[in-house]
Amino acid sequence: MTRILLSPPDVGDAERSMLIRAFDSGWIAPVGPDVDAFERELATSTGTAHAAALASGTAGLHLALQLSGVGAGDEVLCSTLTFAATANAVVYRGARPVFVDSARDTWQLDADLLAEDLADRARLGRLPAAVIVVDLYGQCADYDRIGRACAEYDVPLIEDAAEALGATYRGRAAGSLADIGVLSFNGNKIITTSGGGALLADDTGLVERVRFLATQARDPAPHYEHSEVGYNYRLSNLLAAVGRAQLLGLADKVSARRLINRRYREGLDDLPGVEFMPEADYGIPTCWLTCLTIDADALGVTREDVRVALAAADIEARPVWKPMHLQPVFAGDGVVGGAVAERLFADGLCLPSGSTLSKADQDWVIEVVRGCAR
């Protein structure tokens with residue numbers, strides 16, 4: 001039996017055909033008709049006015065912070081339960097991340113804690129330069145409440161939707177729920193360009209500025225003229241062609257992951273001490289990864305016991321994200337709350353969830369987990 005991976009790329013003939021067509025067109029560099037078309041199609045798909053195709057989601061976060069005015073010495077509030085890229089981008093700007101705990105009933109950033117912290121900071125005259133909210137594991141955070149809290153104090157809000165393309169919040173698409181949205185097309189995401197990302201916004205001038213900075217900030221001139229520092233952050237035309245083909249299949253990929261999530265629930269929900277990540281009633285998640293928690297006292301085995309058993313069966317599973325406030329690189333940075341995220345990391349497990357996962361392979365995953373309980 002081949003190894004069952006957590007979230008492998010789901011690509012096929014359409015991607016190959018569009019990649020070859022782009023190659024044969026001669027547009028090989030990070031400019032070209034497929035980049036332009038991919039940006040238009042991303043904007044349409046997410047209900048935003050504009051998209052800038054970039055080399056990574058991390059590049060998008062970096063530029064989103066820069067365009068939000070974040071600079072050296074500033075503080076940025078961000079979700080603690082996330083991948084390191086979210087916090088790394090804050091440090092790129094010379095700023096300091098301050099982490100906010102998760103809500104137990106959604107696993108997303110706790111809107112109440114955020115509102116309380118912003119109020120406390122306003123009284124002290126120490127408002128953050130921005131807030132980054134992560135749509136964790138393909139589910140959107142509660143943006144009505146988060147948006148109101150940020151708007152009250154005029155704090156820019158950035159949506160890290162790297163894991164959530166295709167999800168919705170009250171009928172609106174992930175990536176369109178804040179001042180600036182950021183997507184990732186890494187190899188393990190809902191759709192992939194192998195590597196890549198995008199920045200989304202309704203502000204025309206802002207997105208034009210992003211494209212300028214992402215293309216080494218080259219001024220209009222017949223020679224290479226630069227009046228400010230830029231970055232080599234644009235997506236190549238070849239990868240954009242792959243992304244266009246992937247985007248055509250987005251709905252099917254999301255449906256496949258949601259079906260996998262439902263089958264896991266049907267196969268494991270009766271086990272004592274097993275609880276799946278809650279699905280908030282305000283939207284439809286992509287179920288990028290199916291995640292659960294294990295109460296060792298109730299099940300008789302720990303999360304780590306189950307992960308090791310899956311690994312022995314050649315099945316890739318991983319703990320839930322280790323909170324950023326527990327990471328050595330961010331030791332000493334502030335945290336608001338933290339106990340919920342710490343508990344989710346201690347007990348949480350991500351199961352194989354790729355849209356190509358066969359029913360037979362999923363049945364095998366379920367059997368191994370159930371075997372641990374026995």
# chains A, B, ... in the order shown; residues from 1 in each chain; ligands from 1
>>> select_by_dssp(residues="range 213-252 of chain A", states="helix (DSSP H, G or I)", output="compact mmCIF listing (two decimals) with N, CA and C atoms, in the first residue's frame")
# COMPACT_ATOMS: atom_id res chain seq x y z
N LEU A 213 5.26 47.03 -6.14
CA LEU A 213 6.25 46.59 -5.16
C LEU A 213 6.71 45.16 -5.41
N ALA A 214 5.78 44.31 -5.89
CA ALA A 214 6.11 42.90 -6.12
C ALA A 214 6.96 42.69 -7.36
N ASN A 237 4.01 33.20 -15.15
CA ASN A 237 2.91 32.92 -16.06
C ASN A 237 2.62 31.43 -16.15
N LEU A 238 3.67 30.59 -16.07
CA LEU A 238 3.47 29.14 -16.14
C LEU A 238 2.65 28.64 -14.95
N LEU A 239 2.99 29.11 -13.76
CA LEU A 239 2.26 28.67 -12.57
C LEU A 239 0.84 29.24 -12.56
N ALA A 240 0.68 30.44 -13.09
CA ALA A 240 -0.67 31.00 -13.18
C ALA A 240 -1.56 30.15 -14.07
N ALA A 241 -0.99 29.57 -15.13
CA ALA A 241 -1.77 28.69 -16.01
C ALA A 241 -2.26 27.47 -15.25
N VAL A 242 -1.39 26.90 -14.41
CA VAL A 242 -1.81 25.77 -13.57
C VAL A 242 -2.92 26.21 -12.63
N GLY A 243 -2.77 27.39 -12.05
CA GLY A 243 -3.78 27.91 -11.13
C GLY A 243 -5.12 28.11 -11.80
N ARG A 244 -5.14 28.53 -13.04
CA ARG A 244 -6.40 28.73 -13.74
C ARG A 244 -7.14 27.40 -13.90
N ALA A 245 -6.41 26.36 -14.25
CA ALA A 245 -7.03 25.04 -14.37
C ALA A 245 -7.53 24.55 -13.02
N GLN A 246 -6.73 24.78 -11.97
CA GLN A 246 -7.14 24.37 -10.63
C GLN A 246 -8.41 25.10 -10.18
N LEU A 247 -8.48 26.37 -10.48
CA LEU A 247 -9.62 27.17 -10.05
C LEU A 247 -10.92 26.67 -10.68
N LEU A 248 -10.83 26.16 -11.89
CA LEU A 248 -12.03 25.61 -12.55
C LEU A 248 -12.62 24.44 -11.76
N LEU A 250 -12.40 24.11 -8.39
CA LEU A 250 -12.45 24.45 -6.96
C LEU A 250 -13.67 23.86 -6.27
N ALA A 251 -14.84 24.02 -6.85
CA ALA A 251 -16.06 23.54 -6.20
C ALA A 251 -16.01 22.03 -5.98
N ASP A 252 -15.51 21.30 -6.96
CA ASP A 252 -15.41 19.85 -6.82
C ASP A 252 -14.41 19.46 -5.73
>>> residues_around(residues="Cys140 in chain A", least_positions_apart="6", cutoff="8 Å", atoms="only C-alpha atoms", output="list in words")
Gln108, Val134, Ala161, Ala164, Ala167, Thr168, Tyr169, Ala174, Gly283 and Pro285 of chain A
>>> atom_distance(atom1="CA of Arg343 in chain A", atom2="CA of Phe83 in chain A")
16.6 Å
>>> residues_around(residues="Leu109 in chain A", least_positions_apart="5", cutoff="7 Å", atoms="only C-alpha atoms", output="ChimeraX atom specification")
/A:79,100-103,133,141
>>> write_last_selection(atoms="N, CA and C atoms", output="PDB file, in the first residue's frame")
ATOM      1  N   SER A  79      -3.793  35.695  15.138  1.00  0.00           N
ATOM      2  CA  SER A  79      -4.182  34.398  15.671  1.00  0.00           C
ATOM      3  C   SER A  79      -2.942  33.641  16.131  1.00  0.00           C
ATOM      4  N   VAL A 100      -3.393  36.081  19.836  1.00  0.00           N
ATOM      5  CA  VAL A 100      -4.730  36.028  20.422  1.00  0.00           C
ATOM      6  C   VAL A 100      -5.239  34.594  20.371  1.00  0.00           C
ATOM      7  N   ASP A 101      -5.845  34.152  21.447  1.00  0.00           N
ATOM      8  CA  ASP A 101      -6.297  32.777  21.611  1.00  0.00           C
ATOM      9  C   ASP A 101      -7.470  32.450  20.684  1.00  0.00           C
ATOM     10  N   SER A 102      -7.782  31.163  20.623  1.00  0.00           N
ATOM     11  CA  SER A 102      -8.902  30.651  19.842  1.00  0.00           C
ATOM     12  C   SER A 102     -10.167  30.560  20.695  1.00  0.00           C
ATOM     13  N   ALA A 103     -11.312  30.583  20.035  1.00  0.00           N
ATOM     14  CA  ALA A 103     -12.589  30.308  20.690  1.00  0.00           C
ATOM     15  C   ALA A 103     -12.822  28.802  20.675  1.00  0.00           C
ATOM     16  N   VAL A 133      -6.235  37.958  11.031  1.00  0.00           N
ATOM     17  CA  VAL A 133      -7.101  36.854  11.453  1.00  0.00           C
ATOM     18  C   VAL A 133      -6.914  35.695  10.478  1.00  0.00           C
ATOM     19  N   ALA A 141     -13.329  32.852  10.330  1.00  0.00           N
ATOM     20  CA  ALA A 141     -13.566  33.427  11.648  1.00  0.00           C
ATOM     21  C   ALA A 141     -14.853  34.252  11.614  1.00  0.00           C
TER      22      ALA A 141
END
>>> residues_around(residues="range 311-327 of chain A", least_positions_apart="5", cutoff="8 Å", atoms="only C-alpha atoms", output="PyMOL selection string")
chain A and resi 2-6+80-84+87+99+291+303+333-335+338+341-342+344-352+365+368
>>> write_last_selection(atoms="C-alpha atoms", output="PDB file, in the first residue's frame")
ATOM      1  CA  THR A   2       1.373   3.439  -0.935  1.00  0.00           C
ATOM      2  CA  ARG A   3       1.721   6.055   1.773  1.00  0.00           C
ATOM      3  CA  ILE A   4      -1.470   7.988   2.503  1.00  0.00           C
ATOM      4  CA  LEU A   5      -0.536  11.685   2.589  1.00  0.00           C
ATOM      5  CA  LEU A   6      -2.157  14.466   4.568  1.00  0.00           C
ATOM      6  CA  THR A  80      -1.908  32.184  17.748  1.00  0.00           C
ATOM      7  CA  LEU A  81      -3.226  28.914  16.306  1.00  0.00           C
ATOM      8  CA  THR A  82      -1.702  29.113  12.836  1.00  0.00           C
ATOM      9  CA  PHE A  83       1.295  28.300  10.674  1.00  0.00           C
ATOM     10  CA  ALA A  84       4.454  30.324  11.294  1.00  0.00           C
ATOM     11  CA  ALA A  87       3.702  35.699  12.376  1.00  0.00           C
ATOM     12  CA  PHE A  99      -1.023  36.501  19.750  1.00  0.00           C
ATOM     13  CA  CYS A 291      -9.235  17.760  12.633  1.00  0.00           C
ATOM     14  CA  ARG A 303      -3.383  11.890  20.512  1.00  0.00           C
ATOM     15  CA  ASP A 333       6.115  38.016  22.636  1.00  0.00           C
ATOM     16  CA  GLY A 334       2.726  38.772  24.124  1.00  0.00           C
ATOM     17  CA  VAL A 335      -0.359  36.554  24.152  1.00  0.00           C
ATOM     18  CA  GLY A 338      -3.732  31.022  25.148  1.00  0.00           C
ATOM     19  CA  ALA A 341      -5.035  26.919  21.684  1.00  0.00           C
ATOM     20  CA  GLU A 342      -2.651  25.068  23.985  1.00  0.00           C
ATOM     21  CA  LEU A 344      -6.126  22.019  21.036  1.00  0.00           C
ATOM     22  CA  PHE A 345      -2.449  21.483  20.249  1.00  0.00           C
ATOM     23  CA  ALA A 346      -2.064  18.958  23.070  1.00  0.00           C
ATOM     24  CA  ASP A 347      -5.108  16.893  22.031  1.00  0.00           C
ATOM     25  CA  GLY A 348      -5.654  17.776  18.367  1.00  0.00           C
ATOM     26  CA  LEU A 349      -4.894  15.630  15.329  1.00  0.00           C
ATOM     27  CA  CYS A 350      -5.217  16.341  11.574  1.00  0.00           C
ATOM     28  CA  LEU A 351      -6.224  13.365   9.434  1.00  0.00           C
ATOM     29  CA  PRO A 352      -5.507  12.797   5.717  1.00  0.00           C
ATOM     30  CA  VAL A 365      -7.465   5.438   8.271  1.00  0.00           C
ATOM     31  CA  VAL A 368      -6.401   2.212  12.288  1.00  0.00           C
TER      32      VAL A 368
END
>>> atom_distance(atom1="CA of Ala111 in chain A", atom2="CA of Ala296 in chain A")
29.2 Å
>>> atom_distance(atom1="CA of Gly181 in chain A", atom2="CA of Ile158 in chain A")
5.9 Å
>>> residues_around(residues="range 21-24 of chain A", least_positions_apart="2", cutoff="8 Å", atoms="only C-alpha atoms", output="ChimeraX atom specification")
/A:17-19,26-28,34,237-238,241
>>> residues_around(residues="Ala149 in chain A", least_positions_apart="4", cutoff="8 Å", atoms="only C-alpha atoms", output="PyMOL selection string")
chain A and resi 114-115+118+145+153
>>> select_by_dssp(residues="range 71-279 of chain A", states="strand (DSSP E or B)", output="JSON, numbers by chain")
{"A": [75, 76, 77, 78, 79, 96, 97, 98, 99, 100, 102, 109, 130, 131, 132, 133, 134, 157, 158, 159, 160, 168, 169, 172, 173, 180, 181, 182, 183, 184, 197, 198, 199, 200, 201, 215, 232, 234, 274, 275, 276]}
>>> write_last_selection(atoms="C-alpha atoms", output="mmCIF file, in the first residue's frame")
data_model
loop_
_atom_site.group_PDB
_atom_site.id
_atom_site.type_symbol
_atom_site.label_atom_id
_atom_site.label_comp_id
_atom_site.auth_asym_id
_atom_site.auth_seq_id
_atom_site.Cartn_x
_atom_site.Cartn_y
_atom_site.Cartn_z
ATOM 1 C CA GLU A 75 2.564 45.669 17.356
ATOM 2 C CA VAL A 76 0.244 43.452 15.308
ATOM 3 C CA LEU A 77 -2.433 41.248 16.858
ATOM 4 C CA CYS A 78 -2.768 37.870 15.154
ATOM 5 C CA SER A 79 -4.182 34.398 15.671
ATOM 6 C CA ARG A 96 6.156 42.526 16.975
ATOM 7 C CA PRO A 97 3.333 39.949 16.874
ATOM 8 C CA VAL A 98 0.996 39.698 19.846
ATOM 9 C CA PHE A 99 -1.023 36.501 19.750
ATOM 10 C CA VAL A 100 -4.730 36.028 20.422
ATOM 11 C CA SER A 102 -8.902 30.651 19.842
ATOM 12 C CA LEU A 109 -9.651 33.694 16.727
ATOM 13 C CA ALA A 130 -3.066 45.945 12.330
ATOM 14 C CA VAL A 131 -4.920 42.715 13.108
ATOM 15 C CA ILE A 132 -4.367 39.479 11.158
ATOM 16 C CA VAL A 133 -7.101 36.854 11.453
ATOM 17 C CA VAL A 134 -6.516 33.301 10.196
ATOM 18 C CA LEU A 157 -7.890 44.125 9.338
ATOM 19 C CA ILE A 158 -6.088 41.494 7.236
ATOM 20 C CA GLU A 159 -7.629 38.100 6.442
ATOM 21 C CA ASP A 160 -5.183 35.197 6.196
ATOM 22 C CA THR A 168 -18.002 31.165 2.862
ATOM 23 C CA TYR A 169 -19.056 33.397 5.745
ATOM 24 C CA ARG A 172 -19.496 35.899 1.312
ATOM 25 C CA ALA A 173 -16.327 34.232 0.076
ATOM 26 C CA ILE A 180 -7.112 42.894 2.536
ATOM 27 C CA GLY A 181 -7.320 39.135 1.962
ATOM 28 C CA VAL A 182 -4.442 36.744 1.304
ATOM 29 C CA LEU A 183 -4.552 33.288 -0.326
ATOM 30 C CA SER A 184 -1.986 30.495 -0.615
ATOM 31 C CA GLY A 197 -0.385 33.061 -3.502
ATOM 32 C CA ALA A 198 -2.528 36.120 -4.058
ATOM 33 C CA LEU A 199 -3.558 39.362 -2.408
ATOM 34 C CA LEU A 200 -7.202 40.435 -2.718
ATOM 35 C CA ALA A 201 -8.710 43.890 -2.179
ATOM 36 C CA THR A 215 7.944 43.649 -9.381
ATOM 37 C CA ASN A 232 10.639 39.790 -6.449
ATOM 38 C CA ARG A 234 5.231 38.086 -8.745
ATOM 39 C CA VAL A 274 -13.253 11.950 20.164
ATOM 40 C CA GLU A 275 -14.546 15.395 19.135
ATOM 41 C CA PHE A 276 -14.269 16.936 15.689
#
>>> residues_around(residues="Lys253 in chain A", least_positions_apart="5", cutoff="8 Å", atoms="only C-alpha atoms", output="list in words")
Ile190, Ile191 and Ser355 of chain A
>>> write_last_selection(atoms="C-alpha atoms", output="PDB file, in the first residue's frame")
ATOM      1  CA  ILE A 190      -7.257  23.438  -1.742  1.00  0.00           C
ATOM      2  CA  ILE A 191      -5.903  24.506  -5.138  1.00  0.00           C
ATOM      3  CA  SER A 355      -9.475  15.690  -2.390  1.00  0.00           C
TER       4      SER A 355
END
>>> closest_residue(among="A:Arg218, A:Arg374, A:Lys359, A:Arg209", to="Val306 in chain A", atoms="only C-alpha atoms")
A:Arg374
>>> closest_residue(among="A:Ala49, A:Ala37, A:Ala72, A:Ala217", to="Tyr231 in chain A", atoms="only C-alpha atoms")
A:Ala217
>>> closest_residue(among="A:Leu268, A:Pro30, A:Leu292, A:Thr356", to="Ala373 in chain A", atoms="only C-alpha atoms")
A:Leu268
>>> closest_residue(among="A:Ala339, A:Asp120, A:Arg126, A:Arg263", to="Asp361 in chain A", atoms="only C-alpha atoms")
A:Arg263
>>> closest_residue(among="A:Asn188, A:Asp202, A:Ala95, A:Asn88", to="Thr44 in chain A", atoms="only C-alpha atoms")
A:Asp202
>>> closest_residue(among="A:Phe212, A:Phe185, A:Tyr224, A:Tyr282", to="Thr106 in chain A", atoms="only C-alpha atoms")
A:Tyr282
